[in-house]
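A.B. asks: Following this message is one structure expressed as C-alpha cells.
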Amino acid sequence: MKKFLIILLLFNFIIPISGCKKRETRIPPSGNTVKIGIIAPMSGTEQTSGENAMLGIQTALQMQPYLKNGDKVELIVEDNAGTTEQTLRALEKLSRQEDIAGVLLMAKSKIVLATVPVVDQLKLPILALIATHPDITKNNRYIAQLGFDDNFQGKVAALYVRDEMLLDRVAVFSEEDNAHFSYLANAFIREYTPLGGKIIEHVIVEPDTTELGKVLERLRTSNVQLLYLAVSSEVVIKVARKAAEIGWKPKMMGSDGLMAHIVLQHRNDINLVEGMMATDFYSSSQPKTEYSRNAWKFFKKKSPGQLTTYTALGCEGTSISLHAVDRCENKKDRECVNKMLRDTQQLDGLLGKIAIHENGKAERPIFVNIIKDQKMKFLVKVH
Amino acid sequence: MPDYVASALFVYTEEGSSFIEPLQHSPHGTIITPVAYEALQKDVANILQDASHVVMSGSMDFLKEMVRFAIEYRFSIGLIPLLPEQKNLARSLTLPNDLEGLIETALRQDAQEIDLIFCNDKILFFKASIGRIPLIDNPARTNRLWMFWEGLRKLWKLRLLPFTITASGEKETVIKTAACGCMIVQYHKGSLASRLIFHDSSPIDGMISLVLVAPFSMIDYVRFLVHTLTRSEEDTTIPESTGYIKYPEITIETEEPLQVEIDGESTTTTPLHCRILPGAIRFNLGVELAESNIKVKQAKERINIKALPAGKELLKAKNAKIPLFTYASEERFKDLFIALRDDARIGATFIVLMLLSTILATTGLYLNSASVIIGAMVLAPLMAPIVSLAMGLLRQDENLIRRSIGTIGLGIFLALMTAAIMTQLFSYKPVTGEMEARLSPTVLDLIVAITAGVAGAYTKSYREILQSLAGVAIAVALVPPLAVAGIGIGRLDPEFFGQAFLLFSTNLVGITMAATLTFRVLGYSPAVKSKRGISIVLLLLVLITVPLYLSYNRIVKTRSFEQNWQEERFLVHGKYLIIKNAHLSEYSNKDILTMDILAREQLTRSDLAELKRKISYNFSEDLVIRANVKYIP
C-alpha cells in the first residue's frame, strides 16, 4: 500500500510539473536608455482620453521595461492639449532629441492630418494611435496607423447593416468640419448604396443645431430603419435624447471610440443609447490572448482607472513600437525603427493579431459591439 | 376498591426512618410495626418468621438483603424507594412518584410473584451491564437529540470485545462473538434496552434477557443510533447491530475480566453467571407493571445473533476500534455471493446476448440510430461480470476475479471480432454521428462510469431495485464503444480503435472502481481485510484519468473555439462573409474546421484563397478548412 501511495503521489507531482512553463529569463540591464516620445492630450477637453491612453502605455512598459538587449525604455511625454499647434510643437521638440526612437501620437484624425506635411522633414517614426482617417498614411513615409482606417470601418458598418441586419433604409449623420466623421459617413454611403441599401438622408449636424427634433420626426415618417451616426458622443446623446422625446426608438450605429467616450463622459445618459451598436477596436467579451492576459494582470495591479479603447490602443501601440525598436541593431536609428514599424507581422494584440504593412496601414479585426443593459456587449468580429 | 394488608412490618435503615410516621398514619387501616434494620439483624428468624408482608425502605444493599429474607421467609414486599437516588428502581417497578401513592402501593394486598435474577449470586433488580453499551443504557424518556449526540460522541471510542456466551436451558448453546458491550435487562418499560425487547419479555417468564450491541463499523453504528431512536413502540424488530438472547441461565465470559455494573453499581467482574429464580418473590408492583404482568407472555428460549460478528469476522473484531466501513464474512451474504459467482461464469446465455447486442450496436451505429443502440445497451450482459469483478477485487477472491476477467475478456473479444467482421462485410463504411460521439472520451465519461458503477453495485445489493440495472446499462453503454472499437479494427484504423477502446476502458475501470468502493461502503469488505484490490483499481483509475483529462481539455478548447467562430465574420475582397455552424474535429492529427459561409455575392477561387489566408493569419491553429457556401438572397 505504501508503494502504491508513493506512486500516486509521484504521479500527482509529475503531471503538474510537466505542465509548467519555463520562467522567462530576466534581461540584464545594459545601462543604456531608449526613449519613446508620447504626444497626448494631458490637459484640455481631451484630457480624460489622454490619461486613459497613458494607463495603457504604462501597462505596456511594465510588461516590457527593457528591450531584449537590456536597454531601458523611457517615456518622454508631451502634452498637446488636444490642439494641432501644440502637437506640431511637440513633434518638433521630440524630433530634435536624438535619443528618441519613435513617437506615439494620441490625436484625432484632424490633428494627425495636419502633421502630414511636416513629418517627412522631421524624419521621426510616428504611430498614430486613434486616428482612423485613411489619408494620414498618404503622402508621407513616417506616419503609421495602429487602428483600421475609415474605409474599412465604413465598409464593415455598411455590410453589417445590409447583409447581417438586412436593413435597407438608413439615415446618415455626420459633423460639419470633422474630417474623420465626414470621411466615415461618406465611406458608409459609398459602400451601402451599391449593396442595395437606400440612404434616406445625410444629415450634417452643425455645432449649434436646434433642428434635431424636426429632422428626426422627418426620418421617422420616412420609415428610416437605422441611424448611422458618424458623429461625436455629444451629438449621439443629443440625437438619442431628441428621439426619446418624440417617442422614437430607432436602431443606431456609431463608430470607433464612441462607446468609450459614452462610458467615460456620458455615464449618466447611457440608458438613452441602450441598444445602440458601434464598430470598435475592442470588445469586452472576447477570448483573451496571451498578451491581453499578461496586460490585464499588470493593469489590474497598478492602474485604478477604467480600461477603455484608449487604454488598449496605448498599450498595443507601445508594445508594437518596442517590437520595432527591438528588431533594429541601433535602437536609435529612426529609419530602421520606421521600417520595422511598417513591417509588423502577426503580432499578438489584446484581442487578435495585428499587422502594420509597408504603406503604414494596419490590418486588424474590427468589432461590432452593442450597449445592452447599460454595458458594452460583443456582437461580431470582422477580419 | 383495593384491599390493604391488615398488618405489616416496616423494616428500614436510617435513610428510610422518615417514612415511619406517614405509614402509621396512612388511611388504609394497616397496623405498622416499625423495625430498624440493625434490630432485625439481631433476631431475623424471630422477627420475620410470622411476617406476611414487609414494607421496606433503605439503601440498595439493604433492599437486596431483605429480598433474600423474602425468599427464605416467604413474605410479600412493599417498597418505598428513596427518591431520587432509587428512581431507576422505582421506574422499573412502575411505582408512583409521590409518597402517598408509594405508601398506598406498598400496603396493598395484591403482591404478585415475579422472577428474580442472580448474577454471580448477586441480586439484579433491573439491569447488569458489561463494556460500553452506547445509547441503550439510557432511560427511554431521555431527550432523543441529546441521546443521539451522546451516542455520536462515543463513536471514536467503540471497540468490539470478544465474548463467549453460554446459554443454558432445555439445551446448552455456546456463542462466540464480539460486541461493544452487553446488558442483562429485567423487564421494565423505562429503559431503552428493555424497550427493544419489550414485546418479548415479562417479569414472570422465567427467562433472562441479554441484549448485545455490536456495530461492525462507524456507519453501522450511526444507522443503529438512528434506528433505535426513531423506532416506534409497536416495532418488534431487533435493530441492526443488536443481538438478543433469552434463556433461563446465561454465562458471559470475556478474555480479560471486565467490570460488571449491577443496578448501576460496579459490584463484580466477568465471568458472569446469571440464573433466574422463577416467581421467587411476591412484590407490590406499580399499577402499570401489575396489569401487564397479568398478561403473561409465553416463555420461549430465543437466540437472535444474526447481526453479531461470527466466524472470520471475529478475527477483525478482536478488541479493535471499529472501522469506518462495515465488513462481512461470505456466509452473511450468501445469496449475493452465489449470484455474483453465477454472473462471473461464462455461459451460453452470456455468449448469445453478447453477440446479439454487438450485432445490434454495430447495425445501430451504421444506421446512426440512437434507439437501436439503446436496445443493444439494454441487451448487453457485460455489466454483471464487471460488478462481480469489483466484488472479487474487494474481497481478494482470486477465483471470482479470474472468472470475471475471463468472462469480460471473452465479451470484449466477441464484441470486437463481431463488429470488425461486420465492418469488413459492409461495402459502405461511413463514420456516423453515433460513432463520432464515441471517439472522444473525456473525464465526463469517467464520471458517468463511476456513477453507473455505484448504481450497479447498489442495485445488485438490493433485490427490490434490481430492475434499475437496465437504466444503469443504458447510462454507461458498454457494448457500443466496443462495437466502435471493433469497427476501427474492421477499418484497419488504429486511432479509431484506440479512441473507442479508451472510452470502453474508461467505463470498465470507472464501474469497477465505483462498484468496489460502493460494495465497501455497503459493508461487503472481507473480515480479513486486503487493500490490494482497491489499490489496483485506483492505480488503473489514475492511469486512465490522464488521457481522459487531456481529452477533456481538448474538448473544452474545441467547444470554446467553435463558440467563438459563431461570431467570426470575414471581409474578403469587399465581400462580407458570415460564418455559421463552425465545427472543429480532429482526424489523423489534423484539425478540420467545417463551417457554413453565408454570403450575398458569388465567391471566386481568389476570394476563397484570401479567406484561407485570413484564417491562417488570425488563428494560430493549423486548420484544414471545409466550407459549405450558402448565398443570402
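Chain identifiers are assigned as A, B, and so on, following the order in which chains appear in the C-alpha cells; residues are numbered from 1 within each chain, and ligands are numbered from 1 in order of appearance.
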Quick one: contact table of chain B to chain A, 12 Å max, nearest atom pair and distance in Å to one decimal per residue, counting only C-alpha atoms, chain and number order, as CSV?

C.D. replies:
```
residue,atom,partner,partner_atom,distance
B:Ser530,CA,A:Met1,CA,9.8
B:Lys531,CA,A:Met1,CA,7.1
B:Arg532,CA,A:Met1,CA,7.2
B:Gly533,CA,A:Met1,CA,10.4
B:Ile534,CA,A:Met1,CA,9.8
B:Ser535,CA,A:Phe4,CA,6.9
B:Ile536,CA,A:Phe4,CA,8.6
B:Val537,CA,A:Phe4,CA,11.1
B:Leu538,CA,A:Leu8,CA,9.1
B:Leu539,CA,A:Leu8,CA,7.4
B:Leu540,CA,A:Leu8,CA,10.7
B:Leu541,CA,A:Leu8,CA,10.7
B:Val542,CA,A:Leu8,CA,7.8
B:Leu543,CA,A:Phe11,CA,9.0
B:Thr545,CA,A:Phe11,CA,11.3
B:Val546,CA,A:Ile15,CA,8.7
B:Pro547,CA,A:Ile15,CA,11.6
B:Tyr549,CA,A:Ile15,CA,11.1
B:Leu550,CA,A:Ile15,CA,11.1
B:Lys557,CA,A:Pro287,CA,11.3
B:Ser560,CA,A:Pro287,CA,8.9
B:Phe561,CA,A:Pro287,CA,9.4
B:Gln563,CA,A:Pro287,CA,10.5
B:Asn564,CA,A:Pro287,CA,8.0
B:Trp565,CA,A:Lys381,CA,9.3
B:Gln566,CA,A:Val380,CA,8.5
B:Glu567,CA,A:Val380,CA,4.8
B:Glu568,CA,A:Lys381,CA,5.1
B:Arg569,CA,A:Val382,CA,4.4
B:Phe570,CA,A:His383,CA,4.7
B:Leu571,CA,A:His383,CA,6.0
B:Val572,CA,A:His383,CA,8.5
B:His573,CA,A:Lys155,CA,11.1
B:Gly574,CA,A:Lys155,CA,7.8
B:Lys575,CA,A:Leu159,CA,8.2
B:Tyr576,CA,A:Leu159,CA,6.3
B:Leu577,CA,A:Asp163,CA,8.9
B:Ile578,CA,A:Glu164,CA,7.8
B:Ile579,CA,A:Val380,CA,10.2
B:Lys580,CA,A:Val380,CA,11.9
B:Leu598,CA,A:Asp163,CA,9.3
B:Ala599,CA,A:Asp163,CA,8.0
B:Arg600,CA,A:Asp163,CA,7.2
B:Glu601,CA,A:Leu195,CA,10.0
B:Glu610,CA,A:His383,CA,11.1
B:Leu611,CA,A:His383,CA,9.3
B:Lys612,CA,A:His383,CA,11.6
B:Arg613,CA,A:His383,CA,10.8
B:Lys614,CA,A:His383,CA,7.1
B:Ile615,CA,A:His383,CA,8.5
B:Ser616,CA,A:Gln346,CA,10.3
B:Tyr617,CA,A:Gln346,CA,6.9
B:Asn618,CA,A:Lys353,CA,5.8
B:Phe619,CA,A:Lys353,CA,8.3
B:Ser620,CA,A:Lys353,CA,9.6
B:Tyr631,CA,A:Asp163,CA,10.8
B:Ile632,CA,A:Asp163,CA,8.0
B:Pro633,CA,A:Asp163,CA,9.7
```

A.B. asks: Skip range 185-187 of chain A itself and residues of its chain fewer than 5 positions away, then list as a PDB file with C-alpha atoms, in the first residue's frame all residues within 12 Å of it, counting only C-alpha atoms.

C.D. replies:
```pdb
ATOM      1  CA  HIS A 133      -8.665  58.787 -41.459  1.00  0.00           C
ATOM      2  CA  PRO A 134      -7.205  56.913 -44.462  1.00  0.00           C
ATOM      3  CA  ASP A 149      -8.963  53.151 -41.304  1.00  0.00           C
ATOM      4  CA  ASP A 150     -12.337  54.696 -42.015  1.00  0.00           C
ATOM      5  CA  ASN A 151     -12.665  52.985 -45.394  1.00  0.00           C
ATOM      6  CA  PHE A 152     -12.571  49.615 -43.675  1.00  0.00           C
ATOM      7  CA  GLN A 153     -14.764  50.826 -40.830  1.00  0.00           C
ATOM      8  CA  GLY A 154     -17.368  52.355 -43.123  1.00  0.00           C
ATOM      9  CA  LYS A 155     -17.405  49.280 -45.317  1.00  0.00           C
ATOM     10  CA  VAL A 156     -17.845  46.882 -42.400  1.00  0.00           C
ATOM     11  CA  ALA A 157     -20.629  49.019 -40.948  1.00  0.00           C
ATOM     12  CA  ALA A 158     -22.413  49.135 -44.304  1.00  0.00           C
ATOM     13  CA  LEU A 159     -22.051  45.401 -44.860  1.00  0.00           C
ATOM     14  CA  VAL A 170     -30.707  54.262 -43.393  1.00  0.00           C
ATOM     15  CA  ALA A 171     -30.136  57.902 -42.477  1.00  0.00           C
ATOM     16  CA  VAL A 172     -26.531  59.021 -42.035  1.00  0.00           C
ATOM     17  CA  PHE A 173     -25.411  61.706 -39.604  1.00  0.00           C
ATOM     18  CA  SER A 174     -22.027  63.379 -39.763  1.00  0.00           C
ATOM     19  CA  GLU A 175     -20.453  66.530 -38.320  1.00  0.00           C
ATOM     20  CA  GLU A 176     -19.510  69.640 -40.135  1.00  0.00           C
ATOM     21  CA  ASN A 178     -14.737  66.999 -38.835  1.00  0.00           C
ATOM     22  CA  ALA A 179     -12.559  65.232 -41.370  1.00  0.00           C
ATOM     23  CA  HIS A 180     -12.820  61.832 -39.722  1.00  0.00           C
ATOM     24  CA  TYR A 192     -24.058  50.891 -48.624  1.00  0.00           C
ATOM     25  CA  THR A 193     -25.736  52.130 -51.782  1.00  0.00           C
ATOM     26  CA  PRO A 194     -24.248  49.531 -54.194  1.00  0.00           C
ATOM     27  CA  ILE A 199     -29.706  56.401 -47.857  1.00  0.00           C
ATOM     28  CA  GLU A 201     -30.997  61.394 -45.820  1.00  0.00           C
ATOM     29  CA  HIS A 202     -27.473  62.501 -44.999  1.00  0.00           C
ATOM     30  CA  VAL A 203     -27.787  64.883 -42.070  1.00  0.00           C
ATOM     31  CA  ILE A 204     -24.807  67.114 -41.436  1.00  0.00           C
ATOM     32  CA  VAL A 205     -25.029  68.274 -37.857  1.00  0.00           C
ATOM     33  CA  LEU A 227     -29.355  55.941 -37.983  1.00  0.00           C
ATOM     34  CA  TYR A 228     -25.686  55.663 -38.903  1.00  0.00           C
ATOM     35  CA  LEU A 229     -24.046  58.147 -36.553  1.00  0.00           C
ATOM     36  CA  ALA A 230     -20.618  59.274 -37.741  1.00  0.00           C
ATOM     37  CA  VAL A 231     -20.660  61.916 -35.037  1.00  0.00           C
ATOM     38  CA  MET A 253     -24.889  52.542 -35.130  1.00  0.00           C
ATOM     39  CA  GLY A 254     -21.844  54.594 -34.193  1.00  0.00           C
ATOM     40  CA  SER A 255     -18.135  54.392 -34.845  1.00  0.00           C
TER      41      SER A 255
END
```

A.B. asks: What gap, in Å, lies between CA of Thr309 in chain A and CA of Phe281 in chain A?

C.D. replies: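 CA of Phe281 in chain A lies at a distance of 6.9 Å from CA of Thr309 in chain A.
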
A.B. asks: Each residue of range 66-151 of chain A lying at most 12 Å from range 325-340 of chain A should get a row with its shortest atom-to-atom pair and the distance in Å to one decimal, counting only C-alpha atoms; could you produce that, ordered by chain and increasing number, as a Markdown table?

C.D. replies:
```
| residue | atom | partner | partner_atom | distance |
| --- | --- | --- | --- | --- |
| A:Tyr66 | CA | A:Asp326 | CA | 9.6 |
| A:Leu67 | CA | A:Asp326 | CA | 6.0 |
| A:Lys68 | CA | A:Asp326 | CA | 6.4 |
| A:Asn69 | CA | A:Asp326 | CA | 7.9 |
| A:Gly70 | CA | A:Asp326 | CA | 10.1 |
| A:Asp71 | CA | A:Lys331 | CA | 8.7 |
| A:Lys72 | CA | A:Lys331 | CA | 10.9 |
| A:Val73 | CA | A:Val325 | CA | 10.2 |
| A:Ser95 | CA | A:Arg334 | CA | 10.0 |
| A:Gln97 | CA | A:Lys332 | CA | 10.4 |
| A:Glu98 | CA | A:Lys332 | CA | 7.5 |
| A:Asp99 | CA | A:Lys332 | CA | 5.8 |
| A:Ile100 | CA | A:Lys332 | CA | 6.6 |
| A:Ala101 | CA | A:Lys332 | CA | 4.9 |
| A:Gly102 | CA | A:Arg334 | CA | 6.8 |
| A:Val103 | CA | A:Arg334 | CA | 10.2 |
| A:Val119 | CA | A:Asn338 | CA | 11.9 |
| A:Asp120 | CA | A:Glu335 | CA | 11.2 |
| A:Leu122 | CA | A:Arg334 | CA | 10.4 |
| A:Lys123 | CA | A:Arg334 | CA | 7.4 |
| A:Leu124 | CA | A:Arg334 | CA | 6.4 |
| A:Pro125 | CA | A:Asn338 | CA | 5.0 |
| A:Ile126 | CA | A:Asn338 | CA | 7.9 |
| A:Leu127 | CA | A:Asn338 | CA | 9.2 |
| A:Asn140 | CA | A:Asn338 | CA | 11.8 |
| A:Arg141 | CA | A:Asn338 | CA | 8.3 |
| A:Tyr142 | CA | A:Asn338 | CA | 6.5 |
| A:Ile143 | CA | A:Asn338 | CA | 8.7 |
| A:Ala144 | CA | A:Asn338 | CA | 8.6 |
```

A.B. asks: Run DSSP on the backbone and give me the residues of range 245-315 of chain A it puts in strand (DSSP E), as a compact mmCIF listing (two decimals) with N, CA and C atoms, in the first residue's frame.

C.D. replies:
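This is the output file out.txt:
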```txt
# COMPACT_ATOMS: atom_id res chain seq x y z
N LYS A 251 -33.00 52.11 -34.49
CA LYS A 251 -31.71 51.39 -34.34
C LYS A 251 -30.62 52.41 -34.66
N MET A 252 -29.52 52.33 -33.94
CA MET A 252 -28.44 53.31 -34.17
C MET A 252 -27.10 52.58 -34.24
N MET A 253 -26.23 53.12 -35.08
CA MET A 253 -24.89 52.54 -35.13
C MET A 253 -23.87 53.68 -35.16
N GLY A 254 -22.87 53.57 -34.27
CA GLY A 254 -21.84 54.59 -34.19
C GLY A 254 -20.50 54.05 -34.66
N MET A 277 -25.47 50.21 -31.52
CA MET A 277 -24.29 49.42 -31.91
C MET A 277 -23.17 50.37 -32.30
N ALA A 278 -21.97 49.84 -32.34
CA ALA A 278 -20.85 50.65 -32.82
C ALA A 278 -19.73 49.74 -33.29
N THR A 279 -19.05 50.18 -34.32
CA THR A 279 -17.84 49.45 -34.72
C THR A 279 -16.73 49.93 -33.81
N ASP A 280 -15.83 49.02 -33.46
CA ASP A 280 -14.80 49.43 -32.50
C ASP A 280 -13.55 48.56 -32.63
```

A.B. asks: Would you mind listing what lies within 6 Å of Ala178 in chain B as a PyMOL selection string, with only C-alpha atoms counted and same-chain residues fewer than 2 positions away left out?

C.D. replies: chain B and resi 160-163+309

A.B. asks: Pick out the closest residue to Val161 in chain A from this set: A:Arg241, A:Val368, A:Trp248, A:Val77. Count only C-alpha atoms.

C.D. replies: A:Val368

A.B. asks: Give me the residues within 9 Å of range 203-213 of chain B as a ChimeraX atom specification, counting only C-alpha atoms and dropping any in the same chain fewer than 2 places off.

C.D. replies: /B:113-117,132-134,136,178-188,193-194,196-197,201,215,240-250,274-279,289,293,296-301,305,308

A.B. asks: Take the residues just selected and output them with C-alpha atoms as a compact mmCIF listing (two decimals), in the first residue's frame.

C.D. replies:
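Generated file (selection10.txt):
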```
# COMPACT_ATOMS: atom_id res chain seq x y z
CA GLU B 113 -44.94 -13.17 42.02
CA ILE B 114 -42.01 -12.07 39.92
CA ASP B 115 -38.77 -13.68 38.78
CA LEU B 116 -35.53 -12.82 40.43
CA ILE B 117 -32.21 -12.77 38.60
CA ARG B 132 -19.78 0.07 26.52
CA ILE B 133 -23.47 -0.06 25.81
CA PRO B 134 -23.93 3.16 23.94
CA ILE B 136 -29.45 1.73 25.03
CA ALA B 178 -17.81 -9.82 19.79
CA ALA B 179 -19.68 -6.76 20.96
CA CYS B 180 -19.11 -3.30 22.34
CA GLY B 181 -20.99 -4.42 25.38
CA CYS B 182 -23.94 -6.38 26.61
CA MET B 183 -26.72 -5.85 29.06
CA ILE B 184 -28.94 -8.16 31.07
CA VAL B 185 -32.26 -6.47 31.38
CA GLN B 186 -35.06 -7.20 33.75
CA TYR B 187 -38.42 -6.40 32.32
CA HIS B 188 -39.32 -2.76 32.63
CA ALA B 193 -32.67 -1.51 26.18
CA SER B 194 -35.73 -3.08 27.71
CA LEU B 196 -36.05 -3.14 22.34
CA ILE B 197 -37.28 -6.47 23.69
CA SER B 201 -40.31 -10.34 27.78
CA PRO B 215 -21.80 -2.33 15.31
CA GLU B 240 -29.38 -3.85 13.22
CA SER B 241 -26.10 -4.38 15.08
CA THR B 242 -28.02 -5.83 18.01
CA GLY B 243 -28.17 -9.38 19.33
CA TYR B 244 -30.75 -10.80 21.72
CA ILE B 245 -30.56 -13.92 23.83
CA LYS B 246 -33.34 -15.10 26.11
CA TYR B 247 -32.54 -18.08 28.28
CA PRO B 248 -33.06 -19.19 31.90
CA GLU B 249 -29.34 -19.29 32.56
CA ILE B 250 -26.64 -17.29 30.86
CA CYS B 274 -26.70 -15.36 35.76
CA ARG B 275 -29.57 -17.59 36.67
CA ILE B 276 -33.20 -16.94 37.22
CA LEU B 277 -35.38 -17.93 40.11
CA PRO B 278 -38.83 -18.00 38.60
CA GLY B 279 -41.56 -16.44 40.75
CA LEU B 289 -46.50 -3.33 35.66
CA ASN B 293 -47.88 -8.82 34.48
CA VAL B 296 -48.08 -13.35 30.97
CA LYS B 297 -46.10 -13.80 27.80
CA GLN B 298 -45.11 -17.21 26.65
CA ALA B 299 -41.69 -18.12 27.94
CA LYS B 300 -39.68 -19.26 24.98
CA GLU B 301 -35.95 -19.59 24.68
CA ILE B 305 -27.47 -13.23 16.92
CA LEU B 308 -23.33 -10.21 15.61
```

A.B. asks: Just to confirm, what's the straight-line distance from CA of Ala361 in chain B to CA of Gly406 in chain B in Å (one decimal)?

C.D. replies: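 Distance reported for this atom pair: 22.3 Å.
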
A.B. asks: Give me the residues within 12 Å of Arg559 in chain B as a compact mmCIF listing (two decimals) with C-alpha atoms, in the first residue's frame, counting only C-alpha atoms and dropping any in the same chain fewer than 3 places off.

C.D. replies:
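The new file selection-v6.txt reads:
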```
# COMPACT_ATOMS: atom_id res chain seq x y z
CA TYR B 552 -11.43 16.78 -21.83
CA ASN B 553 -9.18 19.82 -22.13
CA ARG B 554 -9.20 19.42 -25.87
CA ILE B 555 -12.99 19.24 -25.91
CA VAL B 556 -13.26 22.39 -23.82
CA GLU B 562 -16.49 26.62 -32.10
CA GLN B 563 -18.46 29.00 -29.92
CA ASN B 564 -16.24 31.93 -30.87
CA TRP B 565 -16.42 31.02 -34.52
CA GLN B 566 -20.17 31.59 -34.47
CA ASN B 581 -22.16 26.16 -37.68
CA ALA B 582 -18.40 26.05 -37.24
CA HIS B 583 -17.29 22.62 -36.13
CA LEU B 584 -13.79 21.55 -35.25
CA SER B 585 -12.81 17.91 -35.40
```

A.B. asks: When you look at Ala81 in chain A with a cut-off of 12 Å (counting only C-alpha atoms), what residues show up, excluding the ones that are within fewer than 4 positions of it in the same chain? I need them as a PyMOL selection string.

C.D. replies: chain A and resi 39-51+77+85-90+106-108+111

A.B. asks: Out of A:Ile320, A:Val116, A:Ala244, A:Leu212, which residue has the shortest atom-to-atom distance to Asp343 in chain A when counting only C-alpha atoms?

C.D. replies: A:Ile320

A.B. asks: Hey, which of B:Ala307, B:Ala449, B:Thr349, B:Gly433 ends up closest to Ser369 in chain B? Count only C-alpha atoms.

C.D. replies: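 Closest to Ser369 in chain B, using only C-alpha atoms: B:Gly433.
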
A.B. asks: Point out the residue among B:Ser427, B:Thr506, B:Thr459, B:Ser129 with the least atom-to-atom distance to Ser440 in chain B, counting only C-alpha atoms.

C.D. replies: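 Among the listed residues, B:Thr506 lies closest to Ser440 in chain B.
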
A.B. asks: Neighbours of Leu79 in chain B within 8 Å (only C-alpha atoms; same-chain residues fewer than 6 positions away dropped), as a list in words?

C.D. replies: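 That gives Val55, Met56, Ser57, Leu102, Ala106 and Asn284 of chain B.
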
A.B. asks: Let me see the file: selected residues, C-alpha atoms, as an mmCIF file, in the first residue's frame.

C.D. replies:
```cif
data_model
loop_
_atom_site.group_PDB
_atom_site.id
_atom_site.type_symbol
_atom_site.label_atom_id
_atom_site.label_comp_id
_atom_site.auth_asym_id
_atom_site.auth_seq_id
_atom_site.Cartn_x
_atom_site.Cartn_y
_atom_site.Cartn_z
ATOM 1 C CA VAL B 55 -42.652 -2.763 53.762
ATOM 2 C CA MET B 56 -39.060 -1.709 53.380
ATOM 3 C CA SER B 57 -37.077 1.422 52.702
ATOM 4 C CA LEU B 102 -45.921 4.859 47.275
ATOM 5 C CA ALA B 106 -46.762 -0.713 49.434
ATOM 6 C CA ASN B 284 -46.371 -4.965 45.368
#
```

A.B. asks: For Leu89 in chain B, which residue among B:Pro27, B:His53, B:Asp121, B:Asp263 is the nearest when counting only C-alpha atoms?

C.D. replies: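 Selected residue with least distance to Leu89 in chain B: B:Asp263.
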
A.B. asks: I'd like the interatomic distance between CA of Thr270 in chain B and CA of Leu258 in chain B, to a tenth of an Å.

C.D. replies: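 That distance, rounded to one decimal, is 5.2 Å.
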